[in-house]
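Here is start34.txt, consisting of compact mmCIF, C-alpha atoms:
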```
# COMPACT_ATOMS: atom_id res chain seq x y z
CA MET A 1489 44.87 117.92 31.00
CA GLY A 1490 47.08 120.52 29.36
CA PRO A 1491 46.17 123.84 27.83
CA THR A 1492 45.28 124.48 24.27
CA ARG A 1493 46.86 127.43 22.55
CA CYS A 1494 44.05 129.45 21.07
CA THR A 1495 44.76 129.83 17.40
CA VAL A 1496 41.38 130.21 15.78
CA ALA A 1497 41.43 130.89 12.08
CA ARG A 1498 39.20 133.80 11.16
CA SER A 1499 37.74 131.68 8.41
CA GLY A 1500 36.77 128.98 10.90
CA GLY A 1501 33.21 130.04 11.44
CA TRP A 1502 33.81 133.24 13.40
CA SER A 1503 34.60 136.44 11.59
CA TYR A 1504 35.82 139.51 13.42
CA ALA A 1505 37.49 141.43 10.64
CA SER A 1506 35.76 144.60 11.79
CA THR A 1507 37.25 144.28 15.30
CA VAL A 1508 40.88 143.81 14.29
CA GLU A 1509 41.78 147.39 15.17
CA LEU A 1510 40.10 147.26 18.56
CA SER A 1511 41.87 146.81 21.88
CA GLY A 1512 42.15 143.38 23.42
CA VAL A 1513 39.48 144.33 25.92
CA ARG A 1514 37.02 145.28 23.20
CA ARG A 1515 37.81 142.18 21.20
CA MET A 1516 37.17 139.93 24.19
CA VAL A 1517 33.84 141.59 24.91
CA ALA A 1518 32.95 141.35 21.22
CA GLY A 1519 33.63 137.63 21.52
CA LEU A 1520 31.33 137.32 24.52
CA GLU A 1521 28.60 139.18 22.66
CA ALA A 1522 29.03 137.17 19.47
CA ALA A 1523 28.79 133.93 21.43
CA GLY A 1524 25.49 134.99 22.97
CA VAL A 1525 26.65 135.62 26.51
CA THR A 1526 23.82 137.35 28.35
CA LEU A 1527 25.29 137.72 31.84
CA ALA A 1528 28.82 138.21 33.16
CA ALA A 1529 29.37 137.81 36.90
CA SER A 1530 32.62 139.15 38.25
CA VAL A 1531 34.91 139.83 41.15
CA PRO A 1532 37.50 142.21 39.72
CA ASP A 1533 41.22 142.59 39.94
CA THR A 1534 43.01 145.33 38.04
CA TRP A 1535 42.90 143.37 34.78
CA ILE A 1536 39.40 141.94 35.08
CA GLY A 1537 38.19 145.34 36.25
CA ARG A 1538 39.24 146.83 32.92
CA LEU A 1539 37.41 144.09 31.10
CA MET A 1540 34.27 144.61 33.15
CA GLN A 1541 34.29 148.34 32.38
CA THR A 1542 33.69 147.44 28.76
CA VAL A 1543 31.21 144.69 29.62
CA ARG A 1544 29.15 147.32 31.44
CA ALA A 1545 28.88 149.30 28.25
CA SER A 1546 27.49 146.30 26.37
CA ALA A 1547 23.83 146.40 25.48
CA LYS A 1548 23.77 142.62 25.27
CA ILE A 1549 25.43 141.52 28.49
CA ARG A 1550 24.19 142.08 32.04
CA ALA A 1551 27.19 142.83 34.27
CA VAL A 1552 26.79 141.51 37.82
CA ASP A 1553 29.14 142.62 40.58
CA VAL A 1554 29.64 139.80 43.02
CA ALA A 1555 31.13 139.65 46.51
CA ARG A 1556 32.90 136.30 46.15
CA GLU A 1557 33.83 134.07 43.25
CA GLU A 1558 31.75 130.98 44.13
CA GLU A 1559 28.68 133.19 43.85
CA ALA A 1560 29.75 134.29 40.39
CA VAL A 1561 29.83 130.67 39.26
CA ALA A 1562 26.36 129.95 40.62
CA ILE A 1563 24.93 133.17 39.17
CA ALA A 1564 26.33 132.37 35.73
CA CYS A 1565 24.93 128.84 36.02
CA GLY A 1566 21.53 130.23 36.96
CA ALA A 1567 21.51 132.42 33.86
CA SER A 1568 22.38 129.41 31.72
CA LEU A 1569 19.70 127.23 33.31
CA ALA A 1570 17.14 129.97 32.65
CA GLY A 1571 17.89 130.08 28.95
CA GLY A 1572 20.79 132.52 28.68
CA ARG A 1573 24.53 132.12 28.64
CA GLY A 1574 26.51 133.01 31.73
CA ALA A 1575 30.19 133.84 32.03
CA VAL A 1576 32.49 134.31 35.02
CA LEU A 1577 35.24 136.94 35.00
CA ILE A 1578 37.63 136.57 37.93
CA GLN A 1579 41.26 136.43 38.99
CA ASN A 1580 43.10 133.12 39.37
CA ALA A 1581 43.04 133.56 43.15
CA GLY A 1582 39.25 133.50 42.87
CA LEU A 1583 39.28 130.48 40.63
CA LEU A 1584 41.25 128.68 43.32
CA ASN A 1585 38.29 129.38 45.66
CA CYS A 1586 35.89 127.64 43.32
CA GLY A 1587 36.77 123.95 43.57
CA GLY A 1588 33.67 123.06 45.55
CA VAL A 1589 31.13 124.82 43.40
CA LEU A 1590 32.77 123.55 40.21
CA ALA A 1591 32.49 119.96 41.43
CA GLY A 1592 29.16 120.23 43.25
CA LEU A 1593 27.26 122.41 40.78
CA VAL A 1594 28.89 122.84 37.37
CA GLU A 1595 30.18 119.29 36.96
CA LEU A 1596 27.47 117.51 38.94
CA TYR A 1597 24.60 119.11 37.04
CA ARG A 1598 26.51 119.53 33.77
CA ILE A 1599 25.93 123.25 33.35
CA PRO A 1600 27.86 125.29 30.76
CA CYS A 1601 30.11 127.81 32.50
CA PHE A 1602 32.71 129.89 30.68
CA PHE A 1603 35.47 131.63 32.61
CA ILE A 1604 37.84 134.43 31.72
CA VAL A 1605 40.53 134.30 34.38
CA SER A 1606 43.39 136.72 34.86
CA TYR A 1607 46.55 134.68 35.06
CA ARG A 1608 48.41 136.55 37.76
CA GLY A 1609 51.95 135.55 38.62
CA ASP A 1610 52.65 133.62 35.43
CA GLY A 1611 56.14 135.06 34.94
CA ARG A 1612 55.07 138.01 32.82
CA ASP A 1613 53.26 139.57 35.76
CA PRO A 1614 55.45 142.29 37.26
CA ILE A 1615 53.91 142.12 40.74
CA TYR A 1616 55.89 139.77 42.98
CA TYR A 1617 53.13 138.75 45.36
CA HIS A 1618 51.11 137.09 42.62
CA ALA A 1619 53.84 134.55 41.93
CA PRO A 1620 52.56 131.79 44.28
CA LYS A 1621 49.18 131.85 42.53
CA GLY A 1622 50.87 131.71 39.17
CA ARG A 1623 52.84 128.64 40.15
CA VAL A 1624 49.73 126.61 41.01
CA THR A 1625 47.18 127.85 38.49
CA GLU A 1626 47.73 125.46 35.61
CA ALA A 1627 48.55 122.58 37.96
CA THR A 1628 45.21 123.14 39.71
CA LEU A 1629 43.31 123.38 36.44
CA GLY A 1630 44.88 120.08 35.45
CA ALA A 1631 44.11 118.43 38.77
CA TRP A 1632 40.51 119.62 38.58
CA ARG A 1633 40.31 118.41 34.97
CA LEU A 1634 39.15 121.80 33.77
CA PRO A 1635 39.62 122.34 30.04
CA TYR A 1636 41.46 125.60 29.49
CA ALA A 1637 43.37 127.69 27.00
CA LEU A 1638 45.95 130.42 27.17
CA ALA A 1639 44.81 133.49 25.29
CA ASP A 1640 47.06 134.44 22.39
CA ARG A 1641 46.96 138.14 21.61
CA ALA A 1642 48.71 137.55 18.29
CA GLU A 1643 45.58 135.78 17.11
CA ASP A 1644 41.91 136.73 17.08
CA LEU A 1645 40.99 137.25 20.73
CA ALA A 1646 37.29 137.60 19.99
CA ALA A 1647 37.27 134.23 18.30
CA GLN A 1648 39.15 132.66 21.21
CA VAL A 1649 36.53 133.94 23.64
CA ALA A 1650 33.63 132.87 21.43
CA ARG A 1651 35.17 129.46 20.95
CA GLY A 1652 35.53 129.02 24.71
CA VAL A 1653 31.89 129.94 25.30
CA GLN A 1654 30.82 127.48 22.64
CA LEU A 1655 33.02 124.71 24.02
CA ALA A 1656 31.48 125.19 27.47
CA HIS A 1657 28.03 125.10 25.91
CA ASP A 1658 28.72 122.02 23.81
CA SER A 1659 30.36 120.09 26.64
CA ARG A 1660 27.81 121.28 29.22
CA GLY A 1661 30.65 122.03 31.56
CA PRO A 1662 33.36 124.53 32.44
CA TYR A 1663 35.88 126.09 30.12
CA VAL A 1664 38.59 128.53 31.20
CA LEU A 1665 40.41 131.13 29.13
CA LEU A 1666 43.49 132.45 30.92
CA ILE A 1667 44.45 136.02 30.04
CA THR A 1668 47.31 138.30 30.96
CA GLY A 1669 47.49 142.07 31.25
CA GLY A 1670 49.01 142.30 27.82
CA ASP A 1671 45.96 140.69 26.26
CA LEU A 1672 43.91 143.71 27.29
CA GLU A 1673 45.88 146.19 25.20
CA MET B 1059 8.46 127.48 65.85
CA ILE B 1060 6.92 124.84 63.58
CA PRO B 1061 8.26 121.80 61.68
CA ARG B 1062 9.94 122.39 58.35
CA LYS B 1063 7.55 120.24 56.32
CA ALA B 1064 4.56 122.37 57.28
CA PHE B 1065 6.42 125.49 56.10
CA LEU B 1066 7.42 123.77 52.87
CA GLU B 1067 3.89 122.56 52.15
CA GLY B 1068 2.53 126.00 52.94
CA LEU B 1069 4.95 127.62 50.52
CA VAL B 1070 4.34 125.09 47.74
CA ALA B 1071 0.60 125.72 48.04
CA MET B 1072 1.23 129.39 47.18
CA LEU B 1073 3.43 128.75 44.12
CA THR B 1074 2.18 129.13 40.57
CA PRO B 1075 3.35 127.69 37.25
CA ARG B 1076 4.92 131.09 36.46
CA ASP B 1077 7.31 130.77 39.41
CA VAL B 1078 10.70 129.10 39.48
CA LEU B 1079 11.88 127.27 42.60
CA VAL B 1080 15.50 126.65 43.63
CA SER B 1081 16.22 124.57 46.71
CA CYS B 1082 19.36 124.18 48.77
CA LEU B 1083 20.61 120.74 49.58
CA GLY B 1084 19.09 118.79 52.44
CA ALA B 1085 15.60 118.12 53.69
CA ASN B 1086 13.77 120.58 51.43
CA ALA B 1087 15.38 119.10 48.32
CA ARG B 1088 14.51 115.63 49.56
CA TYR B 1089 10.88 116.45 50.31
CA LEU B 1090 10.14 118.40 47.12
CA PRO B 1091 9.89 115.42 44.71
CA HIS B 1092 7.10 114.11 46.93
CA LEU B 1093 5.07 117.33 46.75
CA ALA B 1094 2.92 118.63 43.91
CA VAL B 1095 5.12 121.58 42.97
CA PRO B 1096 3.45 123.55 40.17
CA ALA B 1097 6.63 125.42 39.15
CA PRO B 1098 9.93 124.33 37.58
CA CYS B 1099 12.14 123.17 40.42
CA PHE B 1100 15.92 122.92 40.62
CA ALA B 1101 16.96 121.09 43.77
CA LEU B 1102 20.57 120.87 44.86
CA CYS B 1103 22.05 117.85 46.56
CA ASP B 1104 25.47 119.43 47.10
CA SER B 1105 27.15 122.80 46.85
CA MET B 1106 26.21 124.54 50.09
CA GLY B 1107 25.49 128.21 49.58
CA ALA B 1108 24.67 127.96 45.88
CA ALA B 1109 20.88 128.22 46.06
CA ILE B 1110 20.55 131.99 46.37
CA PRO B 1111 23.17 132.94 43.75
CA LEU B 1112 21.78 130.30 41.40
CA ALA B 1113 18.32 131.81 41.84
CA LEU B 1114 19.76 135.29 41.35
CA GLY B 1115 21.19 134.30 37.98
CA MET B 1116 17.82 132.91 36.95
CA ALA B 1117 15.99 136.01 38.18
CA LEU B 1118 18.28 138.34 36.24
CA GLN B 1119 17.99 136.22 33.12
CA ARG B 1120 14.20 135.95 33.36
CA PRO B 1121 12.69 139.10 34.87
CA ASP B 1122 9.28 137.87 33.71
CA ARG B 1123 9.33 135.00 36.21
CA HIS B 1124 9.38 135.11 40.01
CA VAL B 1125 12.22 133.04 41.40
CA ILE B 1126 12.08 131.60 44.90
CA ALA B 1127 15.22 130.35 46.64
CA LEU B 1128 15.19 128.08 49.67
CA GLU B 1129 18.34 128.29 51.75
CA GLY B 1130 19.44 126.94 55.12
CA ASP B 1131 21.10 128.89 57.90
CA GLY B 1132 24.16 126.63 57.81
CA SER B 1133 24.65 127.34 54.13
CA LEU B 1134 24.08 131.07 54.44
CA MET B 1135 26.39 131.29 57.43
CA MET B 1136 29.04 129.90 55.10
CA SER B 1137 28.49 132.60 52.49
CA PRO B 1138 26.45 135.54 53.85
CA ASN B 1139 28.19 137.80 51.35
CA VAL B 1140 25.60 136.74 48.79
CA LEU B 1141 23.08 139.00 50.52
CA ALA B 1142 25.17 142.02 49.52
CA THR B 1143 25.42 140.71 45.97
CA VAL B 1144 21.63 140.35 45.79
CA ALA B 1145 21.10 143.81 47.27
CA ALA B 1146 23.42 145.32 44.69
CA ALA B 1147 21.79 143.50 41.76
CA ARG B 1148 18.30 144.53 42.97
CA PRO B 1149 16.19 141.91 41.19
CA ALA B 1150 12.52 142.70 41.78
CA ASN B 1151 11.59 139.07 41.12
CA LEU B 1152 13.62 137.18 43.73
CA THR B 1153 12.35 135.97 47.08
CA ALA B 1154 14.61 133.94 49.35
CA LEU B 1155 13.35 131.92 52.29
CA LEU B 1156 15.90 131.18 54.97
CA TRP B 1157 15.23 128.07 57.06
CA VAL B 1158 16.73 128.71 60.46
CA ASN B 1159 16.99 125.58 62.59
CA ARG B 1160 20.54 126.12 63.91
CA HIS B 1161 21.67 122.69 62.77
CA TYR B 1162 23.47 121.05 59.86
CA GLU B 1163 20.51 118.78 59.36
CA SER B 1164 21.66 116.90 56.27
CA SER B 1165 25.02 115.93 57.71
CA GLY B 1166 23.76 114.41 60.93
CA GLY B 1167 22.24 117.24 62.91
CA GLN B 1168 25.39 118.87 64.22
CA THR B 1169 24.84 122.29 65.72
CA LEU B 1170 25.96 125.41 63.91
CA PRO B 1171 28.57 127.62 65.55
CA ALA B 1172 26.68 128.95 68.54
CA ALA B 1173 26.55 132.58 67.51
CA PRO B 1174 23.34 134.48 68.31
CA LEU B 1175 22.88 135.50 64.71
CA ASP B 1176 20.30 138.15 63.91
CA TRP B 1177 19.51 137.21 60.32
CA VAL B 1178 16.93 139.95 59.87
CA GLY B 1179 19.38 142.56 61.06
CA LEU B 1180 22.21 141.10 59.00
CA ALA B 1181 20.15 141.04 55.81
CA ARG B 1182 18.95 144.60 56.34
CA GLY B 1183 22.50 145.65 57.08
CA MET B 1184 23.62 144.07 53.82
CA GLY B 1185 21.11 146.25 52.01
CA LEU B 1186 18.08 144.06 51.43
CA GLY B 1187 15.05 146.29 51.58
CA HIS B 1188 12.35 143.74 52.31
CA VAL B 1189 13.14 141.38 55.17
CA GLU B 1190 10.64 139.75 57.52
CA ALA B 1191 10.85 137.23 60.32
CA VAL B 1192 8.26 134.46 60.03
CA ALA B 1193 7.32 132.50 63.11
CA ASP B 1194 4.52 130.25 61.91
CA LEU B 1195 2.44 129.16 58.97
CA LEU B 1196 -0.12 131.92 59.27
CA ALA B 1197 2.68 134.46 59.23
CA LEU B 1198 4.16 132.80 56.13
CA ARG B 1199 0.83 133.00 54.32
CA ALA B 1200 0.74 136.72 55.03
CA ALA B 1201 4.42 137.48 54.49
CA TYR B 1202 5.00 135.61 51.24
CA PRO B 1203 2.58 137.70 49.13
CA ARG B 1204 4.13 140.85 50.57
CA ALA B 1205 7.57 139.58 49.58
CA ARG B 1206 6.38 138.80 46.06
CA ASP B 1207 4.89 142.23 45.69
CA ALA B 1208 7.82 144.09 47.21
CA ARG B 1209 9.34 145.08 43.84
CA ALA B 1210 12.69 144.41 45.47
CA PRO B 1211 14.65 141.31 46.47
CA ALA B 1212 13.07 139.90 49.60
CA LEU B 1213 14.16 137.60 52.39
CA LEU B 1214 11.84 135.74 54.74
CA VAL B 1215 13.53 134.33 57.82
CA LEU B 1216 11.68 131.22 58.97
CA ASP B 1217 12.06 129.98 62.53
CA VAL B 1218 12.02 126.21 62.02
CA ALA B 1219 11.83 123.50 64.65
CA PHE B 1220 14.68 121.00 64.54
CA ASP B 1221 13.61 117.41 65.07
CA PRO B 1222 16.51 114.97 65.20
CA HIS B 1223 14.05 112.10 64.71
CA GLU B 1224 12.30 113.53 61.65
CA GLU B 1225 12.02 110.87 58.96
CA ILE B 1226 13.25 112.74 55.90
CA PRO B 1227 13.01 110.80 52.65
CA PRO B 1228 16.26 110.10 50.80
CA TYR B 1229 17.20 111.93 47.61
CA SER B 1230 15.03 110.37 44.94
CA GLU B 1231 16.17 112.24 41.84
CA ARG B 1232 19.62 112.19 40.30
CA PRO B 1233 21.26 115.48 39.26
CA ASP B 1234 21.05 114.55 35.58
CA GLU B 1235 17.32 113.93 35.97
CA ILE B 1236 16.81 117.26 37.72
CA ARG B 1237 18.85 119.02 35.07
CA ALA B 1238 17.00 117.36 32.20
CA ARG B 1239 13.56 118.10 33.62
CA PHE B 1240 14.28 121.72 34.54
CA ARG B 1241 12.87 124.07 31.92
CA VAL B 1242 11.93 127.69 32.32
CA GLY B 1243 9.50 128.13 29.46
```
Here is the file; what I need is its structure written in the form of structure tokens.
Amino acid sequence: MGPTRCTVARSGGWSYASTVELSGVRRMVAGLEAAGVTLAASVPDTWIGRLMQTVRASAKIRAVDVAREEEAVAIACGASLAGGRGAVLIQNAGLLNCGGVLAGLVELYRIPCFFIVSYRGDGRDPIYYHAPKGRVTEATLGAWRLPYALADRAEDLAAQVARGVQLAHDSRGPYVLLITGGDLE
Amino acid sequence: MIPRKAFLEGLVAMLTPRDVLVSCLGANARYLPHLAVPAPCFALCDSMGAAIPLALGMALQRPDRHVIALEGDGSLMMSPNVLATVAAARPANLTALLWVNRHYESSGGQTLPAAPLDWVGLARGMGLGHVEAVADLLALRAAYPRARDARAPALLVLDVAFDPHEEIPPYSERPDEIRARFRVG
């Protein structure tokens, strides 16, 4: 399963004209809020940490700091099962930890679970030690049959996030949006 | 030390329709469909270690409901970090019961790594404010209401007898059935 390039027309049901001037971080959080996300569970890296700073300021989303990524998945699933919408904000190294819980919880029980994942080591990442994770990220997503998209900062980031949340909800399964540091600006 | 089923029946007798029950995989999940559980129940048949974080997500989403998580010592030994996550999130409406029998019961009764784990000390060290050891059914009947009323996340550590000849019923509900029936009204 290959990625989809997120190119969501602003006229396609989501309208974020008022957020166009905002940073990528603020647009992504606006997308989470617009899609009805009520809880965001996270293990941070430097990129996801910036995103979570803004999530914490949201009046609509409960930010949950988590010790390990598998917990974040289960916490987000719990929120969804209890009537909310959960999201998971982690690095790709953490996503690689999550194969078991994705198969044994998200897929087995068909629970919506939206991920924003920092795509470290993808070639644009300046830090050399992330490269091995970058080499296996999309291959692993494909092997695990996880639907995913690469965020496109040239387009409406809020709509890309909201669309991912909705796709997870509609499919009752996982959906991953891969972001880079540049998407935060 | 008493058999698990007596503990489980004792707990179920104290539940109300306003509670929400989450069970780890294994014997508890297999017994529960045969008991008159008055609360919504989400029982796992896979995904070791997911019960407490799943319950945490539900508790944060629904602070008006008390959420009870059943977890085994084998599962929690795999992911004890979740205790720190729970302590940090501080849900007042989450009680976890840890079933300590020192065996991987559902996979054939293999022994856990033979570490002399002090679960009460570990949980307190992780920051949980209300932790009690429970040795028998009378103690459970006294400790559970205290845990509910603690206004803090609570952990009860149950000393459970392991019986390699216990006739545990097979899983009788499919994940899609559990998922479809689970509603937190």
Counting only C-alpha atoms, closest pick from A:Tyr1597, A:Val1517, A:Ile1549, A:Ala1619 relative to Ala1238 of chain B is A:Tyr1597
Can you list, as a PyMOL selection string, every protein, DNA or RNA residue that comes within 6 Å of segment 1183-1196 of chain B when you count all atoms listed in the file, leaving out same-chain residues fewer than 4 positions away?
-> chain B and resi 1059+1142+1145+1179+1212-1217
B:Leu1175, B:Ala1113, B:Leu1128, B:Gly1107: which is nearest Leu1066 of chain B, counting all atoms listed in the file?
->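 Closest residue, counting all atoms listed in the file: B:Leu1128.
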For each of A:Val1624, A:Leu1629, A:Val1605, A:Ala1564, take the minimum atom-to-atom distance to chain B, counting only C-alpha atoms, then give the residue where this is smallest.
->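 That would be A:Ala1564, the residue with the smallest distance to chain B.
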Using only C-alpha atoms, pick whichever of A:Arg1598, A:Arg1612, A:His1618, A:Arg1623 has the shortest atom-to-atom distance to chain B.
->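 When distances to chain B are compared using only C-alpha atoms, the smallest one comes from A:Arg1598.
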Between B:Gly1243, B:Pro1211, B:Gly1130, B:Pro1227, which has the minimum distance to Trp1177 of chain B (counting all atoms listed in the file)?
->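 Of all the options, B:Gly1130 lies closest to Trp1177 of chain B.
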Please indicate the distance in Å from atom CA of Arg1123 of chain B to atom CA of Thr1153 of chain B, rounded to one decimal place.
->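 We find that atom CA of Arg1123 of chain B and atom CA of Thr1153 of chain B lie 11.3 Å from each other.
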For chain B, which residue out of A:Ile1599, A:Trp1535, A:Thr1668, A:Gly1512 is the nearest one, using all atoms listed in the file?
->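 The answer is A:Ile1599, which sits nearest to chain B.
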Compile the residues of chain A that lie within 12 Å of chain B, evaluated using all atoms listed in the file, and express the compilation as a PyMOL selection string.
-> chain A and resi 1525-1531+1548-1576+1586-1600+1660
In Å, how far is it from atom CA of Leu1666 of chain A to atom CA of Arg1544 of chain A?
-> 20.7 Å
Polymer residues at most 12 Å from (12.4, 117.3, 65.0) by all atoms listed in the file, as a short mmCIF file (atom, residue, chain, number, x, y, z; two decimals) with C-alpha atoms, keeping the file's coordinate frame:
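After the write, part-v3.cif holds the following:
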```cif
data_model
loop_
_atom_site.label_atom_id
_atom_site.label_comp_id
_atom_site.auth_asym_id
_atom_site.auth_seq_id
_atom_site.Cartn_x
_atom_site.Cartn_y
_atom_site.Cartn_z
CA MET B 1059 8.46 127.48 65.85
CA ILE B 1060 6.92 124.84 63.58
CA PRO B 1061 8.26 121.80 61.68
CA ARG B 1062 9.94 122.39 58.35
CA LYS B 1063 7.55 120.24 56.32
CA ALA B 1085 15.60 118.12 53.69
CA ASN B 1159 16.99 125.58 62.59
CA HIS B 1161 21.67 122.69 62.77
CA GLU B 1163 20.51 118.78 59.36
CA GLY B 1167 22.24 117.24 62.91
CA VAL B 1218 12.02 126.21 62.02
CA ALA B 1219 11.83 123.50 64.65
CA PHE B 1220 14.68 121.00 64.54
CA ASP B 1221 13.61 117.41 65.07
CA PRO B 1222 16.51 114.97 65.20
CA HIS B 1223 14.05 112.10 64.71
CA GLU B 1224 12.30 113.53 61.65
CA GLU B 1225 12.02 110.87 58.96
CA ILE B 1226 13.25 112.74 55.90
#
```
Gap from atom CA of Tyr1229 of chain B to atom CA of Leu1198 of chain B - Å, one decimal | 26.0 Å
For Asn1580 of chain A, please output as a CSV table (one decimal) with C-alpha atoms, keeping the file's coordinate frame all residues within 9 Å (counting only C-alpha atoms; exclusion window: fewer than 2 positions along the same chain).
```csv
chain,number,residue,atom,x,y,z
A,1578,ILE,CA,37.6,136.6,37.9
A,1582,GLY,CA,39.2,133.5,42.9
A,1583,LEU,CA,39.3,130.5,40.6
A,1584,LEU,CA,41.2,128.7,43.3
A,1585,ASN,CA,38.3,129.4,45.7
A,1605,VAL,CA,40.5,134.3,34.4
A,1606,SER,CA,43.4,136.7,34.9
A,1607,TYR,CA,46.6,134.7,35.1
A,1608,ARG,CA,48.4,136.6,37.8
A,1621,LYS,CA,49.2,131.8,42.5
A,1622,GLY,CA,50.9,131.7,39.2
A,1625,THR,CA,47.2,127.8,38.5
A,1666,LEU,CA,43.5,132.4,30.9
```
Within 6 Å of segment 1086-1094 of chain B, counting all atoms listed in the file, which residues show up once you throw out same-chain ones fewer than 2 positions away? Write them as a list in words, please.
->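 My reading of the contact set: Ser1081, Leu1083, Gly1084, Ala1101, Pro1227, Pro1228 and Tyr1229 of chain B.
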At a cut-off of 10 Å from (41.9, 122.2, 30.4) in the coordinates of the file, what residues are picked up using all atoms listed in the file, written as a PyMOL selection string?
-> chain A and resi 1489-1492+1626+1628-1638+1662-1665
Taking all atoms of segment 1167-1177 of chain B that the file lists and extending 8 Å past them on each side, where is the centre of the axis-aligned box and how long are its edges? Answer in Å to one decimal, as JSON.
```
{"center_x": 24.0, "center_y": 127.7, "center_z": 64.4, "size_x": 25.1, "size_y": 36.9, "size_z": 24.2}
```
